[in-house]
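Source file query29.cif; content: mmCIF, C-alpha atoms.
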```cif
data_input
loop_
_atom_site.group_PDB
_atom_site.id
_atom_site.type_symbol
_atom_site.label_atom_id
_atom_site.label_comp_id
_atom_site.auth_asym_id
_atom_site.auth_seq_id
_atom_site.Cartn_x
_atom_site.Cartn_y
_atom_site.Cartn_z
ATOM 1 C CA MET A 645 0.936 -56.070 58.944
ATOM 2 C CA ASP A 646 4.239 -57.898 58.543
ATOM 3 C CA ARG A 647 7.397 -56.313 57.117
ATOM 4 C CA GLU A 648 6.830 -57.542 53.561
ATOM 5 C CA GLU A 649 3.262 -56.219 53.469
ATOM 6 C CA LEU A 650 4.412 -52.893 54.880
ATOM 7 C CA ALA A 651 7.211 -52.647 52.316
ATOM 8 C CA ARG A 652 4.713 -53.219 49.494
ATOM 9 C CA GLU A 653 2.327 -50.598 50.879
ATOM 10 C CA ILE A 654 5.128 -48.060 51.232
ATOM 11 C CA ALA A 655 6.280 -48.733 47.663
ATOM 12 C CA GLY A 656 2.766 -48.166 46.328
ATOM 13 C CA MET A 657 2.475 -44.636 47.738
ATOM 14 C CA GLU A 658 3.943 -41.325 46.593
ATOM 15 C CA TRP A 659 6.207 -39.948 49.313
ATOM 16 C CA TYR A 660 7.780 -36.525 49.684
ATOM 17 C CA HIS A 661 9.826 -37.136 52.847
ATOM 18 C CA ARG A 662 12.288 -39.896 53.614
ATOM 19 C CA ILE A 663 11.205 -41.260 56.999
ATOM 20 C CA ASP A 664 12.834 -44.121 58.873
ATOM 21 C CA LEU A 665 9.977 -46.409 59.894
ATOM 22 C CA GLY A 666 12.157 -49.034 61.537
ATOM 23 C CA GLN A 667 12.725 -52.645 60.479
ATOM 24 C CA GLY A 668 15.159 -51.317 57.885
ATOM 25 C CA LEU A 669 12.351 -49.531 56.014
ATOM 26 C CA VAL A 670 12.795 -45.930 54.860
ATOM 27 C CA THR A 671 10.122 -44.206 52.800
ATOM 28 C CA PRO A 672 11.277 -43.460 49.211
ATOM 29 C CA GLY A 673 10.887 -39.687 49.325
ATOM 30 C CA ARG A 674 12.466 -37.122 47.061
ATOM 31 C CA ASP A 675 16.197 -36.589 46.837
ATOM 32 C CA TYR A 676 16.350 -33.573 49.146
ATOM 33 C CA ASP A 677 18.529 -35.063 51.892
ATOM 34 C CA PHE A 678 20.864 -32.049 51.706
ATOM 35 C CA MET A 679 17.918 -29.897 52.774
ATOM 36 C CA TRP A 680 16.361 -32.138 55.405
ATOM 37 C CA ASN A 681 19.682 -33.047 57.014
ATOM 38 C CA ALA A 682 20.714 -29.386 57.276
ATOM 39 C CA THR A 683 17.310 -28.496 58.704
ATOM 40 C CA MET A 684 17.357 -31.193 61.380
ATOM 41 C CA GLN A 685 20.942 -30.337 62.341
ATOM 42 C CA PHE A 686 19.802 -26.733 62.803
ATOM 43 C CA MET A 687 16.798 -27.880 64.863
ATOM 44 C CA ASP A 688 19.005 -30.127 67.014
ATOM 45 C CA GLU A 689 20.103 -27.027 68.946
ATOM 46 C CA VAL A 690 16.533 -26.336 70.137
ATOM 47 C CA ASP A 691 15.076 -27.917 73.286
ATOM 48 C CA PHE A 692 11.809 -29.704 72.456
ATOM 49 C CA GLU A 693 11.393 -31.396 75.836
ATOM 50 C CA ARG A 694 7.832 -30.938 77.196
ATOM 51 C CA LYS A 695 7.022 -28.339 74.524
ATOM 52 C CA ARG A 696 3.786 -27.887 72.563
ATOM 53 C CA VAL A 697 4.743 -27.890 68.891
ATOM 54 C CA LEU A 698 2.913 -26.851 65.725
ATOM 55 C CA ASP A 699 4.226 -28.089 62.363
ATOM 56 C CA ILE A 700 2.850 -26.062 59.441
ATOM 57 C CA GLY A 701 2.854 -27.743 56.035
ATOM 58 C CA CYS A 702 3.730 -31.145 57.477
ATOM 59 C CA TRP A 703 3.280 -33.244 54.286
ATOM 60 C CA ASP A 704 4.390 -36.783 55.277
ATOM 61 C CA GLY A 705 5.297 -35.652 58.802
ATOM 62 C CA LEU A 706 9.110 -35.795 58.879
ATOM 63 C CA PHE A 707 9.485 -32.794 61.198
ATOM 64 C CA SER A 708 6.377 -33.603 63.248
ATOM 65 C CA PHE A 709 7.771 -37.019 64.127
ATOM 66 C CA TYR A 710 11.192 -35.449 64.726
ATOM 67 C CA ALA A 711 9.687 -33.083 67.327
ATOM 68 C CA GLU A 712 7.863 -35.954 69.009
ATOM 69 C CA ARG A 713 11.060 -38.006 69.089
ATOM 70 C CA ARG A 714 12.866 -35.045 70.698
ATOM 71 C CA GLY A 715 10.457 -35.115 73.641
ATOM 72 C CA ALA A 716 7.669 -32.672 72.744
ATOM 73 C CA SER A 717 4.639 -33.104 75.001
ATOM 74 C CA GLU A 718 2.229 -32.463 72.128
ATOM 75 C CA VAL A 719 2.670 -32.084 68.384
ATOM 76 C CA VAL A 720 -0.007 -30.817 66.010
ATOM 77 C CA ALA A 721 0.675 -31.255 62.293
ATOM 78 C CA THR A 722 -1.168 -29.137 59.727
ATOM 79 C CA ASP A 723 -1.471 -29.034 55.962
ATOM 80 C CA LEU A 724 -4.001 -27.980 53.354
ATOM 81 C CA ALA A 725 -5.112 -31.600 52.978
ATOM 82 C CA SER A 726 -4.554 -34.862 54.777
ATOM 83 C CA HIS A 727 -2.019 -37.291 53.329
ATOM 84 C CA SER A 728 -2.343 -41.064 53.452
ATOM 85 C CA THR A 729 1.445 -41.184 53.713
ATOM 86 C CA PHE A 730 1.304 -39.230 56.988
ATOM 87 C CA GLU A 731 -1.381 -41.555 58.309
ATOM 88 C CA LEU A 732 0.626 -44.668 57.477
ATOM 89 C CA ALA A 733 3.846 -43.295 58.967
ATOM 90 C CA ALA A 734 2.024 -42.254 62.151
ATOM 91 C CA GLU A 735 0.481 -45.706 62.472
ATOM 92 C CA VAL A 736 3.765 -47.550 61.969
ATOM 93 C CA LEU A 737 5.640 -45.241 64.358
ATOM 94 C CA GLN A 738 2.794 -45.484 66.902
ATOM 95 C CA SER A 739 2.863 -41.707 66.951
ATOM 96 C CA LYS A 740 0.571 -39.463 68.969
ATOM 97 C CA VAL A 741 1.002 -36.535 66.569
ATOM 98 C CA ARG A 742 -2.410 -35.010 65.845
ATOM 99 C CA PHE A 743 -3.245 -33.867 62.312
ATOM 100 C CA GLN A 744 -5.481 -30.872 61.613
ATOM 101 C CA GLN A 745 -6.322 -29.573 58.160
ATOM 102 C CA CYS A 746 -5.581 -25.866 58.148
ATOM 103 C CA SER A 747 -4.201 -23.026 56.018
ATOM 104 C CA ALA A 748 -1.127 -21.139 57.211
ATOM 105 C CA TYR A 749 -3.213 -17.984 56.860
ATOM 106 C CA ARG A 750 -5.947 -19.194 59.248
ATOM 107 C CA LEU A 751 -4.109 -20.535 62.278
ATOM 108 C CA HIS A 752 -5.859 -18.129 64.637
ATOM 109 C CA GLU A 753 -9.252 -19.442 63.548
ATOM 110 C CA ALA A 754 -8.132 -23.043 63.961
ATOM 111 C CA PHE A 755 -6.343 -22.817 67.302
ATOM 112 C CA ALA A 756 -7.130 -19.654 69.300
ATOM 113 C CA PRO A 757 -6.885 -19.317 72.232
ATOM 114 C CA GLU A 758 -4.322 -22.156 72.068
ATOM 115 C CA THR A 759 -0.675 -21.166 71.675
ATOM 116 C CA PHE A 760 2.473 -23.148 70.978
ATOM 117 C CA ASP A 761 5.981 -23.104 72.413
ATOM 118 C CA ILE A 762 7.563 -23.985 69.072
ATOM 119 C CA VAL A 763 6.245 -23.465 65.551
ATOM 120 C CA ILE A 764 7.919 -25.304 62.666
ATOM 121 C CA PHE A 765 7.497 -23.636 59.275
ATOM 122 C CA ASN A 766 9.771 -25.504 56.892
ATOM 123 C CA GLY A 767 9.663 -25.309 53.109
ATOM 124 C CA VAL A 768 6.427 -23.332 52.940
ATOM 125 C CA LEU A 769 6.866 -19.553 52.866
ATOM 126 C CA TYR A 770 8.222 -19.267 49.320
ATOM 127 C CA HIS A 771 5.103 -21.050 48.045
ATOM 128 C CA LEU A 772 2.838 -18.324 49.477
ATOM 129 C CA MET A 773 1.575 -15.229 47.689
ATOM 130 C CA TYR A 774 1.103 -13.481 51.048
ATOM 131 C CA PRO A 775 4.155 -14.397 53.147
ATOM 132 C CA LEU A 776 3.733 -11.537 55.631
ATOM 133 C CA ALA A 777 0.130 -12.545 56.271
ATOM 134 C CA ALA A 778 1.339 -16.053 57.084
ATOM 135 C CA LEU A 779 3.892 -14.711 59.576
ATOM 136 C CA VAL A 780 1.195 -12.598 61.252
ATOM 137 C CA SER A 781 -0.947 -15.728 61.470
ATOM 138 C CA ILE A 782 1.951 -17.662 63.003
ATOM 139 C CA GLN A 783 2.723 -15.071 65.661
ATOM 140 C CA SER A 784 -0.946 -15.110 66.715
ATOM 141 C CA VAL A 785 -0.585 -18.737 67.883
ATOM 142 C CA THR A 786 2.996 -18.534 69.192
ATOM 143 C CA LYS A 787 3.517 -18.082 72.919
ATOM 144 C CA GLU A 788 5.335 -14.975 74.067
ATOM 145 C CA THR A 789 9.050 -15.879 74.025
ATOM 146 C CA GLY A 790 8.084 -18.924 71.926
ATOM 147 C CA THR A 791 10.253 -20.116 69.051
ATOM 148 C CA LEU A 792 9.719 -20.066 65.290
ATOM 149 C CA LEU A 793 11.862 -22.467 63.269
ATOM 150 C CA MET A 794 11.702 -21.696 59.569
ATOM 151 C CA GLU A 795 13.373 -23.065 56.456
ATOM 152 C CA SER A 796 12.761 -21.451 53.090
ATOM 153 C CA ALA A 797 14.140 -20.569 49.711
ATOM 154 C CA PHE A 798 15.627 -17.081 49.390
ATOM 155 C CA TYR A 799 16.811 -14.746 46.646
ATOM 156 C CA ASN A 800 20.587 -14.496 46.434
ATOM 157 C CA ALA A 801 20.955 -10.869 45.367
ATOM 158 C CA GLU A 802 24.280 -9.366 44.318
ATOM 159 C CA HIS A 803 23.727 -6.480 46.734
ATOM 160 C CA GLU A 804 21.568 -7.296 49.734
ATOM 161 C CA ARG A 805 18.367 -5.288 49.741
ATOM 162 C CA PRO A 806 15.091 -5.973 51.583
ATOM 163 C CA PHE A 807 12.883 -7.084 48.701
ATOM 164 C CA ILE A 808 10.884 -10.139 47.646
ATOM 165 C CA PHE A 809 11.711 -11.511 44.209
ATOM 166 C CA VAL A 810 8.579 -12.650 42.385
ATOM 167 C CA SER A 811 9.400 -15.879 40.570
ATOM 168 C CA TYR A 812 7.096 -16.019 37.571
ATOM 169 C CA GLY A 813 7.057 -16.570 33.825
ATOM 170 C CA GLU A 814 10.462 -16.200 32.206
ATOM 171 C CA ASP A 815 11.917 -15.237 35.603
ATOM 172 C CA GLN A 816 11.106 -18.478 37.418
ATOM 173 C CA LEU A 817 13.926 -19.397 39.788
ATOM 174 C CA TYR A 818 12.734 -23.012 39.925
ATOM 175 C CA PRO A 819 11.815 -23.636 36.262
ATOM 176 C CA GLY A 820 8.642 -25.645 35.875
ATOM 177 C CA ASP A 821 7.530 -24.974 39.450
ATOM 178 C CA PRO A 822 5.122 -22.011 39.456
ATOM 179 C CA SER A 823 4.170 -22.777 43.069
ATOM 180 C CA SER A 824 7.572 -21.438 44.173
ATOM 181 C CA CYS A 825 6.632 -17.815 43.738
ATOM 182 C CA THR A 826 8.050 -15.521 46.454
ATOM 183 C CA PHE A 827 11.771 -15.400 47.268
ATOM 184 C CA PRO A 828 12.732 -12.808 49.915
ATOM 185 C CA THR A 829 16.336 -11.747 50.331
ATOM 186 C CA PRO A 830 17.875 -12.571 53.735
ATOM 187 C CA LYS A 831 17.496 -8.924 54.741
ATOM 188 C CA ALA A 832 13.815 -8.996 53.740
ATOM 189 C CA PHE A 833 13.364 -12.121 55.876
ATOM 190 C CA ARG A 834 14.890 -10.372 58.885
ATOM 191 C CA TYR A 835 12.668 -7.334 58.390
ATOM 192 C CA MET A 836 9.508 -9.403 57.902
ATOM 193 C CA LEU A 837 10.219 -11.418 61.033
ATOM 194 C CA ASN A 838 10.936 -8.287 63.053
ATOM 195 C CA MET A 839 7.771 -6.584 61.791
ATOM 196 C CA THR A 840 5.723 -9.567 62.972
ATOM 197 C CA LEU A 841 7.230 -9.599 66.500
ATOM 198 C CA PHE A 842 9.958 -12.191 65.939
ATOM 199 C CA ASP A 843 13.572 -11.465 66.892
ATOM 200 C CA VAL A 844 16.073 -13.480 64.863
ATOM 201 C CA LYS A 845 18.351 -15.567 67.081
ATOM 202 C CA ARG A 846 20.117 -17.624 64.409
ATOM 203 C CA GLU A 847 20.205 -17.756 60.642
ATOM 204 C CA ASN A 848 22.028 -20.070 58.293
ATOM 205 C CA PRO A 849 22.054 -19.633 54.505
ATOM 206 C CA TYR A 850 23.195 -23.174 53.839
ATOM 207 C CA HIS A 851 22.731 -23.804 50.116
ATOM 208 C CA PHE A 852 23.280 -21.715 46.998
ATOM 209 C CA SER A 853 22.224 -22.452 43.434
ATOM 210 C CA GLY A 854 22.510 -19.411 41.190
ATOM 211 C CA ARG A 855 20.045 -16.755 42.291
ATOM 212 C CA ALA A 856 18.113 -19.155 44.536
ATOM 213 C CA GLY A 857 19.356 -20.395 47.898
ATOM 214 C CA ARG A 858 18.031 -22.075 51.027
ATOM 215 C CA ILE A 859 18.082 -20.484 54.467
ATOM 216 C CA LEU A 860 17.225 -21.431 58.061
ATOM 217 C CA PHE A 861 16.004 -19.151 60.845
ATOM 218 C CA GLU A 862 15.409 -19.484 64.560
ATOM 219 C CA ALA A 863 13.403 -16.537 65.880
ATOM 220 C CA GLN A 864 11.827 -15.724 69.235
ATOM 221 C CA LYS A 865 8.499 -13.978 69.677
ATOM 222 C CA ARG A 866 8.818 -10.820 71.739
ATOM 223 C CA ARG A 867 6.369 -8.793 73.775
ATOM 224 C CA MET A 868 4.943 -5.888 71.796
ATOM 225 C CA THR A 869 6.649 -2.622 72.748
ATOM 226 C CA LYS A 870 5.934 1.011 71.947
ATOM 227 C CA ASN A 871 8.250 0.674 68.957
ATOM 228 C CA ASP A 872 5.880 -1.935 67.513
ATOM 229 C CA ARG A 873 2.728 0.159 67.860
ATOM 230 C CA PHE A 874 3.092 1.562 64.362
ATOM 231 C CA TYR A 875 2.522 -1.953 63.010
ATOM 232 C CA GLU A 876 -0.133 -2.975 65.537
ATOM 233 C CA TYR A 877 -3.010 -2.732 63.066
ATOM 234 C CA MET A 878 -1.296 -5.379 60.938
ATOM 235 C CA TYR A 879 -1.377 -7.920 63.744
ATOM 236 C CA THR A 880 -5.148 -8.314 63.573
ATOM 237 C CA VAL A 881 -5.923 -11.706 62.045
#
```
Rewrite the coordinates I just gave you, this time as structure tokens.
Amino acid sequence: MDREELAREIAGMEWYHRIDLGQGLVTPGRDYDFMWNATMQFMDEVDFERKRVLDIGCWDGLFSFYAERRGASEVVATDLASHSTFELAAEVLQSKVRFQQCSAYRLHEAFAPETFDIVIFNGVLYHLMYPLAALVSIQSVTKETGTLLMESAFYNAEHERPFIFVSYGEDQLYPGDPSSCTFPTPKAFRYMLNMTLFDVKRENPYHFSGRAGRILFEAQKRRMTKNDRFYEYMYTV
């Protein structure tokens, strides 16, 4: 289709991400540039060249296409449902990113025995009722020494303690958004990652808004040691 037809099609769809499709066309996503720019700057420090990448909760595909552009050999994008916006963006970008419908809790069922060098898990965890189960699922498809890149909301506690704040009812941190339900503190994030065989390499709490903030993590999957055996039963997925 020509540029004018493409512009009309883009305008007629509901977009979450802002994606540069070339020809001066950028998808009209939500006004979260502060979040996406910080996330991609954080990810810029990771080598994607010739890596197999899994993007969990891809939505329109912003981070999937980013990984492909950075030289990944294969990118698999997942979400609970397919999005016509992702399909259009992939077509226009002539992308080879493969989409697979899948829950974050069931990655082992979808991909085993496949594993990935890099797993992207941006903007998802705080929407999950079982965040630890999702991290167990992720480590089951991450290569040993592989990388987890995660962006999430967190609870900005006055005194840091390892707990998960349940955002619900009159205590919603994002009023009107009941899907944003679990807000770990940074210390809880570090503990949850460590419990699920991920060693934190970098973290960046980059945005604060009252009790809710946004945080970025880079973590590396380690080989299970004798110190992890206590938790071994939890790693069965």
Test item: residues at most 8 Å from stretch 682-699 of chain A, all atoms listed in the file, excluding those fewer than 5 positions along its chain, as a list in words: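 Listed by chain and then number, they are Phe707, Ser708, Ala711, Arg714, Gly715, Ala716, Ser717, Glu718, Val719, Val720, Ala721, Thr722, Phe760, Asp761, Ile762, Val763, Ile764, Phe765, Leu793, Glu795, Tyr850 and Leu860 of chain A.
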Using only C-alpha atoms, which protein or nucleic acid residues come within 6 Å of stretch 820-837 of chain A? Drop anything in the same chain fewer than 3 positions from it, and give the result as a list in words. Tyr770, His771, Phe798, Tyr799, Pro806, Phe807, Ile808, Phe809, Val810, Ser811, Thr840 and Phe842 of chain A
Could you list, as an NGL selection string, every residue matched by the PyMOL selection byres ((chain A and resi 785) around 8) in this structure? :A and (751-752 or 755-760 or 781-784 or 786-787)
Expand the PyMOL selection byres ((chain A and resi 730-739) around 10) into the explicit residue set it covers here, and present it as a ChimeraX atom specification. /A:645,650,653-654,657,659,661,663-666,671,702-706,708-709,712-713,719,721,726-729,740-743
Using all atoms listed in the file, list the residues that have an atom at most 7 Å from (19.9, -20.5, 63.6), coordinates as in the file, as a short mmCIF file (atom, residue, chain, number, x, y, z; two decimals) with C-alpha atoms, in the frame of the given file.
```cif
data_model
loop_
_atom_site.label_atom_id
_atom_site.label_comp_id
_atom_site.auth_asym_id
_atom_site.auth_seq_id
_atom_site.Cartn_x
_atom_site.Cartn_y
_atom_site.Cartn_z
CA PHE A 686 19.80 -26.73 62.80
CA LYS A 845 18.35 -15.57 67.08
CA ARG A 846 20.12 -17.62 64.41
CA GLU A 847 20.20 -17.76 60.64
CA ASN A 848 22.03 -20.07 58.29
CA LEU A 860 17.23 -21.43 58.06
CA PHE A 861 16.00 -19.15 60.84
CA GLU A 862 15.41 -19.48 64.56
#
```
So the first atom is atom CA of A:Thr791 and the second is atom CA of A:Ile859; what is the distance between them in Å, to one decimal place? 16.6 Å
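Put simply, atom CA of A:His803 is 16.4 Å away from atom CA of A:Ser853.
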Between atom CA of A:Glu802 and atom CA of A:Leu841, what distance in Å does the model show, to one decimal?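 Separating atom CA of A:Glu802 from atom CA of A:Leu841 is a distance of 28.0 Å.
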Would you translate the PyMOL selection byres ((chain A and resi 788) around 8) into the concrete set of residues it matches in this file, as an NGL selection string? :A and (786-787 or 789-790 or 865-867)
Please, what is the axis-aligned box for every listed atom of stretch 830-845 of chain A with 8 Å on each side, as centre and edge lengths in Å to one decimal, as AutoDock Vina command-line options?
```
--center_x 12.0 --center_y -11.1 --center_z 60.4 --size_x 28.6 --size_y 25.0 --size_z 29.3
```
